[in-house]
>>> print(open('model.cif').read())   # mmCIF, C-alpha atoms and all ligand atoms
data_model
loop_
_atom_site.group_PDB
_atom_site.id
_atom_site.type_symbol
_atom_site.label_atom_id
_atom_site.label_comp_id
_atom_site.auth_asym_id
_atom_site.auth_seq_id
_atom_site.Cartn_x
_atom_site.Cartn_y
_atom_site.Cartn_z
ATOM 1 C CA MET A 1 -346.782 134.876 51.371
ATOM 2 C CA ALA A 2 -346.716 131.357 49.955
ATOM 3 C CA PRO A 3 -344.980 129.064 52.476
ATOM 4 C CA PHE A 4 -342.419 127.452 50.119
ATOM 5 C CA PHE A 5 -339.376 129.489 51.126
ATOM 6 C CA ARG A 6 -339.642 129.322 54.914
ATOM 7 C CA TRP A 7 -336.931 127.473 56.783
ATOM 8 C CA PRO A 8 -337.260 124.622 57.588
ATOM 9 C CA PRO A 9 -339.567 124.094 54.562
ATOM 10 C CA PRO A 10 -343.091 123.257 55.798
ATOM 11 C CA ALA A 11 -343.926 120.300 53.551
ATOM 12 C CA GLY A 12 -347.603 119.951 54.528
ATOM 13 C CA LYS A 13 -348.377 123.661 54.282
ATOM 14 C CA SER A 14 -346.515 123.953 50.969
ATOM 15 C CA LEU A 15 -348.476 121.079 49.489
ATOM 16 C CA ARG A 16 -351.781 122.525 50.711
ATOM 17 C CA TYR A 17 -350.837 125.915 49.263
ATOM 18 C CA LEU A 18 -349.877 124.350 45.916
ATOM 19 C CA VAL A 19 -353.246 122.576 45.691
ATOM 20 C CA SER A 20 -355.121 125.755 46.654
ATOM 21 C CA SER A 21 -353.216 127.788 44.039
ATOM 22 C CA TRP A 22 -354.848 125.528 41.422
ATOM 23 C CA SER A 23 -358.290 125.729 43.056
ATOM 24 C CA LEU A 24 -361.446 126.121 40.966
ATOM 25 C CA LEU A 25 -361.982 129.386 42.856
ATOM 26 C CA GLY A 26 -358.833 131.014 41.438
ATOM 27 C CA ALA A 27 -357.681 132.096 37.994
ATOM 28 C CA ARG A 28 -354.725 129.759 37.389
ATOM 29 C CA VAL A 29 -356.659 126.619 36.504
ATOM 30 C CA TYR A 30 -358.862 128.575 34.066
ATOM 31 C CA VAL A 31 -355.787 130.001 32.340
ATOM 32 C CA LEU A 32 -354.686 126.420 31.745
ATOM 33 C CA ALA A 33 -358.175 125.682 30.368
ATOM 34 C CA VAL A 34 -357.842 128.687 28.026
ATOM 35 C CA ALA A 35 -354.419 127.414 26.916
ATOM 36 C CA LEU A 36 -355.882 123.945 26.191
ATOM 37 C CA LEU A 37 -358.827 125.429 24.276
ATOM 38 C CA SER A 38 -356.441 127.702 22.367
ATOM 39 C CA TRP A 39 -354.203 124.790 21.412
ATOM 40 C CA PHE A 40 -356.972 122.420 20.334
ATOM 41 C CA TYR A 41 -359.328 124.888 18.630
ATOM 42 C CA PHE A 42 -357.704 128.280 18.054
ATOM 43 C CA ALA A 43 -354.076 127.638 17.147
ATOM 44 C CA PRO A 44 -352.665 127.254 13.628
ATOM 45 C CA ALA A 45 -351.473 123.732 12.762
ATOM 46 C CA LEU A 46 -347.764 123.499 13.558
ATOM 47 C CA GLU A 47 -346.887 122.505 9.953
ATOM 48 C CA ARG A 48 -348.236 125.867 8.759
ATOM 49 C CA CYS A 49 -345.867 127.689 11.123
ATOM 50 C CA ALA A 50 -342.656 126.390 9.509
ATOM 51 C CA GLU A 51 -342.602 129.545 7.393
ATOM 52 C CA PHE A 52 -343.732 132.983 8.482
ATOM 53 C CA SER A 53 -346.991 133.942 6.841
ATOM 54 C CA ALA A 54 -349.510 136.686 7.603
ATOM 55 C CA ASP A 55 -352.517 134.329 7.805
ATOM 56 C CA TRP A 56 -351.468 132.161 10.743
ATOM 57 C CA ILE A 57 -349.829 135.068 12.573
ATOM 58 C CA ALA A 58 -353.071 137.057 12.192
ATOM 59 C CA GLN A 59 -354.969 134.071 13.619
ATOM 60 C CA ILE A 60 -352.759 134.122 16.740
ATOM 61 C CA TRP A 61 -353.101 137.913 17.064
ATOM 62 C CA LEU A 62 -356.896 137.792 16.717
ATOM 63 C CA ARG A 63 -357.247 135.075 19.387
ATOM 64 C CA ASN A 64 -355.029 137.009 21.818
ATOM 65 C CA PHE A 65 -356.868 140.262 21.100
ATOM 66 C CA VAL A 66 -360.262 138.638 21.725
ATOM 67 C CA THR A 67 -358.979 136.871 24.885
ATOM 68 C CA MET A 68 -357.736 140.161 26.323
ATOM 69 C CA LEU A 69 -360.880 142.048 25.317
ATOM 70 C CA LEU A 70 -363.123 139.413 26.909
ATOM 71 C CA VAL A 71 -361.210 139.020 30.187
ATOM 72 C CA ALA A 72 -360.337 142.662 30.907
ATOM 73 C CA GLY A 73 -363.496 144.017 29.280
ATOM 74 C CA SER A 74 -365.888 141.813 31.224
ATOM 75 C CA LEU A 75 -364.162 142.483 34.579
ATOM 76 C CA HIS A 76 -364.167 146.220 33.885
ATOM 77 C CA LEU A 77 -367.853 146.224 32.908
ATOM 78 C CA TYR A 78 -368.804 144.166 35.965
ATOM 79 C CA PHE A 79 -366.807 146.046 38.598
ATOM 80 C CA TYR A 80 -366.590 149.588 37.231
ATOM 81 C CA THR A 81 -369.180 150.321 34.524
ATOM 82 C CA PHE A 82 -372.066 148.513 36.230
ATOM 83 C CA ASN A 83 -370.515 148.734 39.721
ATOM 84 C CA LYS A 84 -371.958 145.325 40.590
ATOM 85 C CA GLN A 85 -369.936 144.784 43.736
ATOM 86 C CA ARG A 86 -369.735 148.409 44.849
ATOM 87 C CA ASP A 87 -366.923 148.761 47.416
ATOM 88 C CA VAL A 88 -367.203 145.214 48.750
ATOM 89 C CA GLU A 89 -363.738 143.564 48.616
ATOM 90 C CA LYS A 90 -362.364 146.673 46.843
ATOM 91 C CA TYR A 91 -358.846 147.661 47.904
ATOM 92 C CA ASP A 92 -358.961 151.392 47.156
ATOM 93 C CA PRO A 93 -362.187 153.384 47.359
ATOM 94 C CA ARG A 94 -361.037 155.968 44.777
ATOM 95 C CA ASP A 95 -362.535 155.901 41.296
ATOM 96 C CA LEU A 96 -360.352 155.421 38.243
ATOM 97 C CA SER A 97 -359.260 158.776 36.745
ATOM 98 C CA ARG A 98 -361.513 160.195 34.062
ATOM 99 C CA ARG A 99 -360.052 163.641 33.541
ATOM 100 C CA SER A 100 -356.342 163.657 34.140
ATOM 101 C CA LYS A 101 -353.595 165.087 31.970
ATOM 102 C CA LEU A 102 -351.384 162.316 33.317
ATOM 103 C CA PHE A 103 -352.989 159.825 30.938
ATOM 104 C CA HIS A 104 -353.144 159.684 27.165
ATOM 105 C CA PHE A 105 -356.649 160.732 26.019
ATOM 106 C CA ASP A 106 -356.923 162.285 29.552
ATOM 107 C CA ASN A 107 -358.571 159.051 30.676
ATOM 108 C CA GLN A 108 -356.990 156.229 32.694
ATOM 109 C CA VAL A 109 -359.104 153.425 31.218
ATOM 110 C CA TRP A 110 -358.747 154.504 27.582
ATOM 111 C CA ASP A 111 -354.993 154.960 28.008
ATOM 112 C CA ASN A 112 -354.694 151.484 29.573
ATOM 113 C CA MET A 113 -356.917 149.884 26.928
ATOM 114 C CA PHE A 114 -354.834 151.397 24.149
ATOM 115 C CA TRP A 115 -351.458 150.124 25.415
ATOM 116 C CA THR A 116 -352.939 146.743 26.307
ATOM 117 C CA LEU A 117 -354.784 146.047 23.060
ATOM 118 C CA VAL A 118 -352.234 147.653 20.757
ATOM 119 C CA SER A 119 -348.815 147.015 22.282
ATOM 120 C CA ALA A 120 -349.249 144.127 24.760
ATOM 121 C CA VAL A 121 -351.295 142.002 22.344
ATOM 122 C CA ALA A 122 -348.836 142.699 19.489
ATOM 123 C CA VAL A 123 -345.730 141.719 21.497
ATOM 124 C CA TRP A 124 -347.490 138.682 22.994
ATOM 125 C CA SER A 125 -348.602 137.535 19.515
ATOM 126 C CA PHE A 126 -345.196 138.242 17.964
ATOM 127 C CA TYR A 127 -343.402 136.134 20.609
ATOM 128 C CA GLU A 128 -346.001 133.374 20.349
ATOM 129 C CA SER A 129 -345.503 133.337 16.560
ATOM 130 C CA LEU A 130 -341.725 133.135 17.034
ATOM 131 C CA MET A 131 -342.157 130.191 19.392
ATOM 132 C CA MET A 132 -344.533 128.381 16.996
ATOM 133 C CA TRP A 133 -342.019 128.920 14.189
ATOM 134 C CA ALA A 134 -339.221 127.612 16.447
ATOM 135 C CA TYR A 135 -341.242 124.485 17.364
ATOM 136 C CA ALA A 136 -342.145 123.878 13.693
ATOM 137 C CA ASN A 137 -338.495 124.103 12.649
ATOM 138 C CA GLY A 138 -337.044 122.030 15.499
ATOM 139 C CA LEU A 139 -335.290 125.074 16.998
ATOM 140 C CA ALA A 140 -337.121 124.638 20.315
ATOM 141 C CA PRO A 141 -336.730 121.173 21.907
ATOM 142 C CA THR A 142 -340.193 119.736 21.327
ATOM 143 C CA MET A 143 -341.945 116.961 23.230
ATOM 144 C CA THR A 144 -345.463 115.576 23.464
ATOM 145 C CA PHE A 145 -347.456 114.373 26.461
ATOM 146 C CA SER A 146 -346.867 110.715 25.521
ATOM 147 C CA ASP A 147 -343.073 111.263 25.224
ATOM 148 C CA ASN A 148 -342.785 112.139 28.909
ATOM 149 C CA PRO A 149 -346.094 112.675 30.771
ATOM 150 C CA ALA A 150 -344.352 113.373 34.111
ATOM 151 C CA TRP A 151 -342.175 116.203 32.738
ATOM 152 C CA PHE A 152 -345.119 117.551 30.680
ATOM 153 C CA VAL A 153 -347.222 117.972 33.834
ATOM 154 C CA LEU A 154 -344.349 119.027 36.099
ATOM 155 C CA LEU A 155 -343.463 121.817 33.672
ATOM 156 C CA LEU A 156 -347.026 123.166 33.898
ATOM 157 C CA PHE A 157 -346.635 123.316 37.707
ATOM 158 C CA LEU A 158 -343.203 124.963 37.430
ATOM 159 C CA ILE A 159 -344.306 127.675 35.002
ATOM 160 C CA PRO A 160 -345.962 129.958 37.623
ATOM 161 C CA PHE A 161 -342.709 129.885 39.649
ATOM 162 C CA TRP A 162 -340.702 130.743 36.568
ATOM 163 C CA THR A 163 -342.960 133.673 35.606
ATOM 164 C CA GLY A 164 -342.756 134.911 39.239
ATOM 165 C CA PHE A 165 -338.958 134.648 39.217
ATOM 166 C CA HIS A 166 -338.699 136.394 35.837
ATOM 167 C CA PHE A 167 -341.200 139.050 36.887
ATOM 168 C CA TYR A 168 -339.220 140.072 39.972
ATOM 169 C CA TRP A 169 -335.906 140.535 38.178
ATOM 170 C CA GLN A 170 -337.211 142.348 35.142
ATOM 171 C CA HIS A 171 -339.466 144.527 37.335
ATOM 172 C CA ARG A 172 -336.577 145.370 39.675
ATOM 173 C CA MET A 173 -334.531 146.325 36.611
ATOM 174 C CA PHE A 174 -337.320 148.636 35.407
ATOM 175 C CA HIS A 175 -337.157 150.439 38.758
ATOM 176 C CA LEU A 176 -333.586 151.561 37.999
ATOM 177 C CA PRO A 177 -333.920 155.334 37.503
ATOM 178 C CA ALA A 178 -333.110 155.404 33.772
ATOM 179 C CA LEU A 179 -335.472 152.541 32.873
ATOM 180 C CA TYR A 180 -338.169 153.851 35.195
ATOM 181 C CA LYS A 181 -338.037 157.198 33.441
ATOM 182 C CA LEU A 182 -337.952 155.625 29.987
ATOM 183 C CA ALA A 183 -340.678 153.032 30.428
ATOM 184 C CA HIS A 184 -341.952 151.783 33.771
ATOM 185 C CA ASN A 185 -343.481 155.071 34.914
ATOM 186 C CA TRP A 186 -346.237 154.409 32.343
ATOM 187 C CA HIS A 187 -347.470 151.403 34.332
ATOM 188 C CA HIS A 188 -347.119 153.370 37.582
ATOM 189 C CA LYS A 189 -349.413 156.152 36.436
ATOM 190 C CA ASN A 190 -351.930 153.653 37.842
ATOM 191 C CA THR A 191 -351.635 154.360 41.586
ATOM 192 C CA ASN A 192 -355.146 152.951 41.817
ATOM 193 C CA VAL A 193 -355.635 149.991 39.504
ATOM 194 C CA GLY A 194 -358.398 148.406 37.428
ATOM 195 C CA PRO A 195 -358.467 145.380 35.084
ATOM 196 C CA TRP A 196 -357.074 147.366 32.154
ATOM 197 C CA SER A 197 -354.077 148.501 34.260
ATOM 198 C CA GLY A 198 -352.463 145.047 34.449
ATOM 199 C CA ALA A 199 -350.962 144.808 30.972
ATOM 200 C CA ALA A 200 -350.799 148.563 30.311
ATOM 201 C CA MET A 201 -347.087 149.234 29.955
ATOM 202 C CA HIS A 202 -344.539 150.868 27.696
ATOM 203 C CA PRO A 203 -343.798 148.660 24.626
ATOM 204 C CA VAL A 204 -340.176 148.220 25.821
ATOM 205 C CA GLU A 205 -341.502 146.736 29.043
ATOM 206 C CA HIS A 206 -343.867 144.427 27.121
ATOM 207 C CA ALA A 207 -340.847 143.197 25.135
ATOM 208 C CA VAL A 208 -338.981 142.254 28.320
ATOM 209 C CA TRP A 209 -341.992 141.038 30.335
ATOM 210 C CA PHE A 210 -343.208 138.545 27.722
ATOM 211 C CA SER A 211 -339.642 137.305 27.078
ATOM 212 C CA ALA A 212 -340.193 134.782 29.923
ATOM 213 C CA VAL A 213 -341.478 132.380 27.241
ATOM 214 C CA PHE A 214 -338.035 132.074 25.658
ATOM 215 C CA VAL A 215 -336.886 129.797 28.501
ATOM 216 C CA LEU A 216 -338.663 127.129 26.435
ATOM 217 C CA LEU A 217 -335.934 127.424 23.798
ATOM 218 C CA LEU A 218 -333.751 125.626 26.363
ATOM 219 C CA LEU A 219 -336.163 123.093 27.910
ATOM 220 C CA PRO A 220 -338.065 120.224 26.282
ATOM 221 C CA SER A 221 -341.627 121.510 25.963
ATOM 222 C CA HIS A 222 -344.827 121.469 23.928
ATOM 223 C CA PRO A 223 -346.445 124.533 22.290
ATOM 224 C CA LEU A 224 -349.126 124.251 24.993
ATOM 225 C CA HIS A 225 -346.479 125.277 27.560
ATOM 226 C CA ALA A 226 -345.633 128.371 25.503
ATOM 227 C CA LEU A 227 -349.308 129.300 25.244
ATOM 228 C CA PHE A 228 -349.716 128.763 29.011
ATOM 229 C CA ILE A 229 -346.722 130.934 30.009
ATOM 230 C CA MET A 230 -347.857 133.914 27.975
ATOM 231 C CA GLN A 231 -351.559 133.580 28.776
ATOM 232 C CA LEU A 232 -350.673 133.235 32.464
ATOM 233 C CA GLN A 233 -348.755 136.504 32.266
ATOM 234 C CA ALA A 234 -351.403 138.354 30.270
ATOM 235 C CA ILE A 235 -354.553 137.072 31.987
ATOM 236 C CA THR A 236 -353.342 137.103 35.587
ATOM 237 C CA ALA A 237 -351.964 140.631 35.069
ATOM 238 C CA VAL A 238 -355.565 141.616 34.332
ATOM 239 C CA THR A 239 -357.132 139.709 37.236
ATOM 240 C CA SER A 240 -354.467 140.715 39.764
ATOM 241 C CA HIS A 241 -354.890 144.422 38.937
ATOM 242 C CA CYS A 242 -358.693 144.352 38.968
ATOM 243 C CA GLY A 243 -358.771 146.322 42.240
ATOM 244 C CA TYR A 244 -360.918 143.765 44.090
ATOM 245 C CA GLU A 245 -359.672 140.960 46.323
ATOM 246 C CA ASN A 246 -362.476 138.586 45.350
ATOM 247 C CA LEU A 247 -365.417 138.233 43.029
ATOM 248 C CA LEU A 248 -368.404 137.339 45.195
ATOM 249 C CA LEU A 249 -370.374 134.358 43.922
ATOM 250 C CA GLY A 250 -373.595 134.278 45.899
ATOM 251 C CA LYS A 251 -373.434 134.607 49.685
ATOM 252 C CA LYS A 252 -370.642 132.188 50.481
ATOM 253 C CA LEU A 253 -368.335 131.566 47.532
ATOM 254 C CA LYS A 254 -365.502 133.903 46.627
ATOM 255 C CA PHE A 255 -363.424 133.744 43.459
ATOM 256 C CA ARG A 256 -359.894 134.964 44.111
ATOM 257 C CA LEU A 257 -358.853 137.718 41.708
ATOM 258 C CA GLY A 258 -356.836 140.492 43.337
ATOM 259 C CA ASP A 259 -353.295 140.637 44.567
ATOM 260 C CA PHE A 260 -352.901 142.724 47.720
ATOM 261 C CA PHE A 261 -349.135 142.240 47.540
ATOM 262 C CA HIS A 262 -348.897 143.989 44.142
ATOM 263 C CA GLN A 263 -351.634 146.481 45.019
ATOM 264 C CA LEU A 264 -349.268 147.755 47.736
ATOM 265 C CA HIS A 265 -346.532 148.101 45.107
ATOM 266 C CA HIS A 266 -348.791 150.418 43.087
ATOM 267 C CA ARG A 267 -349.736 152.376 46.194
ATOM 268 C CA PHE A 268 -346.225 152.795 47.628
ATOM 269 C CA TYR A 269 -343.962 152.156 44.628
ATOM 270 C CA ASP A 270 -340.758 151.068 46.451
ATOM 271 C CA CYS A 271 -341.830 147.768 47.983
ATOM 272 C CA ASN A 272 -343.125 144.362 46.837
ATOM 273 C CA TYR A 273 -341.400 144.203 43.466
ATOM 274 C CA GLY A 274 -341.972 140.468 43.090
ATOM 275 C CA THR A 275 -344.916 138.198 43.777
ATOM 276 C CA PHE A 276 -346.307 136.603 46.919
ATOM 277 C CA GLU A 277 -345.005 133.245 45.674
ATOM 278 C CA THR A 278 -341.355 134.273 45.423
ATOM 279 C CA PRO A 279 -339.090 135.212 48.346
ATOM 280 C CA TRP A 280 -337.047 138.092 46.875
ATOM 281 C CA ASP A 281 -338.747 140.978 48.624
ATOM 282 C CA GLN A 282 -338.350 139.330 52.009
ATOM 283 C CA TRP A 283 -334.726 138.425 51.289
ATOM 284 C CA PHE A 284 -333.827 141.893 49.982
ATOM 285 C CA ASP A 285 -335.820 143.745 52.625
ATOM 286 C CA THR A 286 -338.375 145.400 50.368
ATOM 287 C CA TYR A 287 -341.354 143.473 51.716
ATOM 288 C CA HIS A 288 -344.489 145.300 52.877
ATOM 289 C CA ASP A 289 -346.973 142.915 54.473
ATOM 290 C CA GLY A 290 -349.838 145.421 54.462
ATOM 291 C CA SER A 291 -349.837 145.858 58.249
ATOM 292 C CA PRO A 292 -349.193 149.100 60.208
ATOM 293 C CA GLN A 293 -345.829 147.569 61.242
ATOM 294 C CA GLY A 294 -344.991 146.966 57.575
ATOM 295 C CA ASP A 295 -345.885 150.592 56.867
ATOM 296 C CA ALA A 296 -343.653 151.871 59.688
ATOM 297 C CA TRP A 297 -340.785 149.703 58.499
ATOM 298 C CA MET A 298 -341.136 150.992 54.933
ATOM 299 C CA LYS A 299 -341.045 154.612 56.137
ATOM 300 C CA GLN A 300 -337.977 153.915 58.274
ATOM 301 C CA ARG A 301 -336.249 152.310 55.297
ATOM 302 C CA ARG A 302 -337.021 155.369 53.159
ATOM 303 C CA ARG A 303 -335.544 157.670 55.837
ATOM 304 C CA GLN A 304 -332.382 155.559 55.990
ATOM 305 C CA LEU A 305 -332.048 155.679 52.188
ATOM 306 C CA THR A 306 -332.468 159.474 52.142
ATOM 307 C CA GLN A 307 -329.860 159.866 54.918
ATOM 308 C CA THR A 308 -327.408 157.579 53.114
ATOM 309 C CA LYS A 309 -327.888 159.586 49.916
ATOM 310 C CA SER A 310 -327.421 162.960 51.662
ATOM 311 C CA ILE A 311 -324.264 161.695 53.452
ATOM 312 C CA GLY A 312 -322.976 160.323 50.125
HETATM 313 ZN ZN ZN A 401 -343.132 148.841 39.505
HETATM 314 ZN ZN ZN A 402 -348.733 146.431 38.274
#
>>> encode(input="model.cif", output="structure tokens", more="lines below")
Ligand SMILES: [Zn+2]
Ligand SMILES: [Zn+2]
Amino acid sequence: MAPFFRWPPPAGKSLRYLVSSWSLLGARVYVLAVALLSWFYFAPALERCAEFSADWIAQIWLRNFVTMLLVAGSLHLYFYTFNKQRDVEKYDPRDLSRRSKLFHFDNQVWDNMFWTLVSAVAVWSFYESLMMWAYANGLAPTMTFSDNPAWFVLLLFLIPFWTGFHFYWQHRMFHLPALYKLAHNWHHKNTNVGPWSGAAMHPVEHAVWFSAVFVLLLLPSHPLHALFIMQLQAITAVTSHCGYENLLLGKKLKFRLGDFFHQLHHRFYDCNYGTFETPWDQWFDTYHDGSPQGDAWMKQRRRQLTQTKSIG
């Protein structure tokens, strides 16, 4: 777990963690690079976005489609099609399902690709278009880097905390029985995950998950912040579900991809609803730390819940 929410707050450790979370050997800094590239080279000029029009919306959709295809596609080819890293740093030795009636097209990867490229990219692009329209029409409080450089940069650092906070609460909501049955069970068909599992969800869940960006209707921000929030959600969902802890670069270097915390959520379903940077699971007693003790505690909690239900 990130050290921010321990008491008393460990200032040195928190600062070291914050720096390492933006390391060149992790995804976050590259997502920011993708957001910058998108803004400077692959985004419609803001003046064009004052009125809805198919051409600039299609431009946003195409860029998001290609981004998703490149990130998830290349990780899938590397780890699964060409099996370049075999089982080294892999969380779960099982293969992804090829013939299973559980999945559309009877194939886990094709099912995940379909809901990612069709639904996730559409909702992501629709919300991004709404935000661009809102910025162009002065409906979102807009600022530039030169207006307030300190807030511009601070907001970039705050965004991962906001997406983590938003993720926990909307995810917890989707574990309520009715919403789980309606939507979230689609994502949980992936008990073992691969890159295409991350953004593979029911369209209703995409609509809620990507809504994190709308916080920028309340805060002074730049379109770059909107791009960064949604790309952070989309791209790190892919990397964190890739099934491998690290990508090995030569003999010594490791590029951090996986998320053991969320991997355990897929394996056991009723623990680790949030992220390892937010404290909710520890505070609400749904934390599994991956150890045998964590496993025993989770089983005990399940027994208590069953007893409470049968008494009730
Ligand atoms: Zn879940
Ligand atoms: Zn997941």
>>> closest_atom_pairs(input="model.cif", of="segment 89-191 of chain A", to="segment 240-258 of chain A", cutoff="7 Å", atoms="all atoms listed in the file", output="Markdown table")
| residue | atom | partner | partner_atom | distance |
| --- | --- | --- | --- | --- |
| A:Glu89 | CA | A:Tyr244 | CA | 5.3 |
| A:Lys90 | CA | A:Tyr244 | CA | 4.3 |
| A:Tyr91 | CA | A:Gly243 | CA | 5.8 |
>>> closest_residue(input="model.cif", among="A:Tyr269, A:Phe145, A:Asp55, A:Ala72", to="Tyr180 of chain A", atoms="all atoms listed in the file")
A:Tyr269
>>> resolve_selection(input="model.cif", expression="the PyMOL selection byres (((chain A and resi 215-232) around 10) and not hetatm)", output="PDB file with C-alpha atoms, in the frame of the given file")
ATOM      1  CA  ALA A  27    -357.681 132.096  37.994  1.00  0.00           C
ATOM      2  CA  ARG A  28    -354.725 129.759  37.389  1.00  0.00           C
ATOM      3  CA  VAL A  29    -356.659 126.619  36.504  1.00  0.00           C
ATOM      4  CA  TYR A  30    -358.862 128.575  34.066  1.00  0.00           C
ATOM      5  CA  VAL A  31    -355.787 130.001  32.340  1.00  0.00           C
ATOM      6  CA  LEU A  32    -354.686 126.420  31.745  1.00  0.00           C
ATOM      7  CA  ALA A  33    -358.175 125.682  30.368  1.00  0.00           C
ATOM      8  CA  VAL A  34    -357.842 128.687  28.026  1.00  0.00           C
ATOM      9  CA  ALA A  35    -354.419 127.414  26.916  1.00  0.00           C
ATOM     10  CA  LEU A  36    -355.882 123.945  26.191  1.00  0.00           C
ATOM     11  CA  LEU A  37    -358.827 125.429  24.276  1.00  0.00           C
ATOM     12  CA  SER A  38    -356.441 127.702  22.367  1.00  0.00           C
ATOM     13  CA  TRP A  39    -354.203 124.790  21.412  1.00  0.00           C
ATOM     14  CA  PHE A  40    -356.972 122.420  20.334  1.00  0.00           C
ATOM     15  CA  ALA A  43    -354.076 127.638  17.147  1.00  0.00           C
ATOM     16  CA  LEU A  46    -347.764 123.499  13.558  1.00  0.00           C
ATOM     17  CA  ASN A  64    -355.029 137.009  21.818  1.00  0.00           C
ATOM     18  CA  THR A  67    -358.979 136.871  24.885  1.00  0.00           C
ATOM     19  CA  MET A  68    -357.736 140.161  26.323  1.00  0.00           C
ATOM     20  CA  TRP A 124    -347.490 138.682  22.994  1.00  0.00           C
ATOM     21  CA  SER A 125    -348.602 137.535  19.515  1.00  0.00           C
ATOM     22  CA  TYR A 127    -343.402 136.134  20.609  1.00  0.00           C
ATOM     23  CA  GLU A 128    -346.001 133.374  20.349  1.00  0.00           C
ATOM     24  CA  MET A 131    -342.157 130.191  19.392  1.00  0.00           C
ATOM     25  CA  MET A 132    -344.533 128.381  16.996  1.00  0.00           C
ATOM     26  CA  ALA A 134    -339.221 127.612  16.447  1.00  0.00           C
ATOM     27  CA  TYR A 135    -341.242 124.485  17.364  1.00  0.00           C
ATOM     28  CA  ALA A 136    -342.145 123.878  13.693  1.00  0.00           C
ATOM     29  CA  GLY A 138    -337.044 122.030  15.499  1.00  0.00           C
ATOM     30  CA  LEU A 139    -335.290 125.074  16.998  1.00  0.00           C
ATOM     31  CA  ALA A 140    -337.121 124.638  20.315  1.00  0.00           C
ATOM     32  CA  PRO A 141    -336.730 121.173  21.907  1.00  0.00           C
ATOM     33  CA  THR A 142    -340.193 119.736  21.327  1.00  0.00           C
ATOM     34  CA  MET A 143    -341.945 116.961  23.230  1.00  0.00           C
ATOM     35  CA  THR A 144    -345.463 115.576  23.464  1.00  0.00           C
ATOM     36  CA  PHE A 145    -347.456 114.373  26.461  1.00  0.00           C
ATOM     37  CA  ASN A 148    -342.785 112.139  28.909  1.00  0.00           C
ATOM     38  CA  TRP A 151    -342.175 116.203  32.738  1.00  0.00           C
ATOM     39  CA  PHE A 152    -345.119 117.551  30.680  1.00  0.00           C
ATOM     40  CA  VAL A 153    -347.222 117.972  33.834  1.00  0.00           C
ATOM     41  CA  LEU A 155    -343.463 121.817  33.672  1.00  0.00           C
ATOM     42  CA  LEU A 156    -347.026 123.166  33.898  1.00  0.00           C
ATOM     43  CA  ILE A 159    -344.306 127.675  35.002  1.00  0.00           C
ATOM     44  CA  PRO A 160    -345.962 129.958  37.623  1.00  0.00           C
ATOM     45  CA  TRP A 162    -340.702 130.743  36.568  1.00  0.00           C
ATOM     46  CA  THR A 163    -342.960 133.673  35.606  1.00  0.00           C
ATOM     47  CA  TRP A 209    -341.992 141.038  30.335  1.00  0.00           C
ATOM     48  CA  PHE A 210    -343.208 138.545  27.722  1.00  0.00           C
ATOM     49  CA  SER A 211    -339.642 137.305  27.078  1.00  0.00           C
ATOM     50  CA  ALA A 212    -340.193 134.782  29.923  1.00  0.00           C
ATOM     51  CA  VAL A 213    -341.478 132.380  27.241  1.00  0.00           C
ATOM     52  CA  PHE A 214    -338.035 132.074  25.658  1.00  0.00           C
ATOM     53  CA  GLN A 233    -348.755 136.504  32.266  1.00  0.00           C
ATOM     54  CA  ALA A 234    -351.403 138.354  30.270  1.00  0.00           C
ATOM     55  CA  ILE A 235    -354.553 137.072  31.987  1.00  0.00           C
ATOM     56  CA  THR A 236    -353.342 137.103  35.587  1.00  0.00           C
ATOM     57  CA  ALA A 237    -351.964 140.631  35.069  1.00  0.00           C
ATOM     58  CA  VAL A 238    -355.565 141.616  34.332  1.00  0.00           C
TER      59      VAL A 238
END
>>> atom_distance(input="model.cif", atom1="atom CA of Ala199 of chain A", atom2="atom CA of Trp22 of chain A")
22.3 Å
>>> closest_atom_pairs(input="model.cif", of="chain A", to="ligand ZN 401 (chain A)", cutoff="9 Å", atoms="all atoms listed in the file", output="JSON lines")
{"residue": "A:His171", "atom": "CA", "partner": "A:ZN401", "partner_atom": "ZN", "distance": 6.1}
{"residue": "A:Arg172", "atom": "CA", "partner": "A:ZN401", "partner_atom": "ZN", "distance": 7.4}
{"residue": "A:Phe174", "atom": "CA", "partner": "A:ZN401", "partner_atom": "ZN", "distance": 7.1}
{"residue": "A:His175", "atom": "CA", "partner": "A:ZN401", "partner_atom": "ZN", "distance": 6.2}
{"residue": "A:Tyr180", "atom": "CA", "partner": "A:ZN401", "partner_atom": "ZN", "distance": 8.3}
{"residue": "A:His184", "atom": "CA", "partner": "A:ZN401", "partner_atom": "ZN", "distance": 6.6}
{"residue": "A:Asn185", "atom": "CA", "partner": "A:ZN401", "partner_atom": "ZN", "distance": 7.7}
{"residue": "A:His187", "atom": "CA", "partner": "A:ZN401", "partner_atom": "ZN", "distance": 7.2}
{"residue": "A:His188", "atom": "CA", "partner": "A:ZN401", "partner_atom": "ZN", "distance": 6.3}
{"residue": "A:His262", "atom": "CA", "partner": "A:ZN401", "partner_atom": "ZN", "distance": 8.8}
{"residue": "A:His265", "atom": "CA", "partner": "A:ZN401", "partner_atom": "ZN", "distance": 6.6}
{"residue": "A:His266", "atom": "CA", "partner": "A:ZN401", "partner_atom": "ZN", "distance": 6.9}
{"residue": "A:Tyr269", "atom": "CA", "partner": "A:ZN401", "partner_atom": "ZN", "distance": 6.2}
{"residue": "A:Asp270", "atom": "CA", "partner": "A:ZN401", "partner_atom": "ZN", "distance": 7.7}
{"residue": "A:Cys271", "atom": "CA", "partner": "A:ZN401", "partner_atom": "ZN", "distance": 8.6}
{"residue": "A:Asn272", "atom": "CA", "partner": "A:ZN401", "partner_atom": "ZN", "distance": 8.6}
{"residue": "A:Tyr273", "atom": "CA", "partner": "A:ZN401", "partner_atom": "ZN", "distance": 6.3}
>>> atom_distance(input="model.cif", atom1="atom CA of Leu130 of chain A", atom2="atom CA of Trp56 of chain A")
11.6 Å
